[in-house]
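Reading through the structure tokens given below for one structure.
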Amino acid sequence: APVRAAAPPRPAARPESAPAAAVSEAVAAPLAPPVRGERAERIAALDWPALREAVAACQACGLHAGRTQTVFGVGQVPAHWMVVGEAPGEQEDRQGEPFVGPAGQLLDAMLRAIGLGRGASDPAHQAYIANTLKCRPPRNRNPAPDELLHCEPFLQRQIALVQPRIILAMGKFAIQQLTGSDEPVGRLRGRVHRYQGVPVVVTYHPAYLLRQPSEKAKAWDDLRLARRVYAQAISSAP
């Protein structure tokens, strides 16, 4: 039977609004350097249909040999919000869509809690969802560094084309790729990082939250922080 994903709890431990100065101070984080090279430059010039085709045909690493299909992403473009996860699992590999199954149900509940959806037509309420890896690692093992490196130009181009105002990074490997830091997730939470100039808020992966329900309150705090940062970005936009 499918697992019903409950919306994250809404604790009253932190006020809804934080001082603007506190958010602005946290934004001063180092940029993650872009991947360079001839292949990355070719990918950086692709439009959306060509990018999707390039991902589907990619054989840059050994993961292509075991995939059922690539997992490009889901959502309308452009979108003000972008969610970046780690790597496809078994169900994602079968369906070709990121964040399906119980973890996807929980993600959808988390997005609904802040007024977002993966199928919304309004860019301000649309969350485009993608993974750092586009192919499933065997037996859902952790991504290897070279696999992440080969896939990063695809993610870079997705971000450039989606044009998000804010990115939610979910899980260790997505966070490492977007922040350039290998610090634990718990130490990177509560701060605003940047990737190619776009604010990044980090939080726990929904699959982890299903294993550790007591951490959902922290994830809710992260979503509230992201909502405040987004509001500040919109208000300061020209």
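Letters for chains follow the order of the structure tokens (A, B, ...), residue numbers begin at 1 for each chain, and ligand numbers begin at 1 in the order shown.
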I'd like the contact shell of range 80-91 of chain A - 9 Å cut-off, only C-alpha atoms, skipping same-chain residues fewer than 3 positions apart - returned as a PyMOL selection string. chain A and resi 70-71+77+94-101+116+123-137+139-140+142-143+155+159+162-175+178+205+230
Running DSSP on the backbone, which parts of range 31-134 of chain A land in helix (DSSP H, G or I), as a PyMOL selection string? chain A and resi 38-43+48-57+62-66+90-95+101-113+123-125
Calculated over only C-alpha atoms, which of the candidates A:Asp146, A:Glu41, A:Pro153, A:Tyr204 has the smallest distance to Pro184 in chain A?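 Closest residue, counting only C-alpha atoms: A:Tyr204.
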Give the strand (DSSP E or B) residues of range 83-152 of chain A, as DSSP finds them on the backbone, and put them as a ChimeraX atom specification. /A:83-85,117,126-131
Could those selected residues go to a file with C-alpha atoms, as a PDB file, in the first residue's frame?
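Written out: selection_30.pdb:
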ATOM      1  CA  VAL A  83      14.580  21.787  -5.987  1.00  0.00           C
ATOM      2  CA  VAL A  84      17.777  19.791  -6.469  1.00  0.00           C
ATOM      3  CA  GLY A  85      18.041  16.290  -5.055  1.00  0.00           C
ATOM      4  CA  GLY A 117       3.782  22.597  -6.686  1.00  0.00           C
ATOM      5  CA  GLN A 126       6.200  26.516  -9.658  1.00  0.00           C
ATOM      6  CA  ALA A 127       9.016  24.333  -8.341  1.00  0.00           C
ATOM      7  CA  TYR A 128      11.186  22.771 -11.006  1.00  0.00           C
ATOM      8  CA  ILE A 129      12.668  19.524  -9.643  1.00  0.00           C
ATOM      9  CA  ALA A 130      15.906  17.888 -10.757  1.00  0.00           C
ATOM     10  CA  ASN A 131      18.714  15.706  -9.416  1.00  0.00           C
TER      11      ASN A 131
END
Have a look at A:Pro199, A:Ala79, A:Phe154, A:Pro49 and name the one nearest to Gln232 in chain A; count only C-alpha atoms.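 Among A:Pro199, A:Ala79, A:Phe154, A:Pro49, it is A:Pro199 that comes nearest to Gln232 in chain A.
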To one decimal place, how far is CA of Ser181 in chain A from CA of Val74 in chain A in Å?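 If I compute the distance from CA of Ser181 in chain A to CA of Val74 in chain A, I get 26.5 Å.
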Which residue gives the smallest distance to Gly62 in chain A among A:Ala109, A:Leu223, A:Ala231, A:Ala144, with only C-alpha atoms counted? A:Ala144
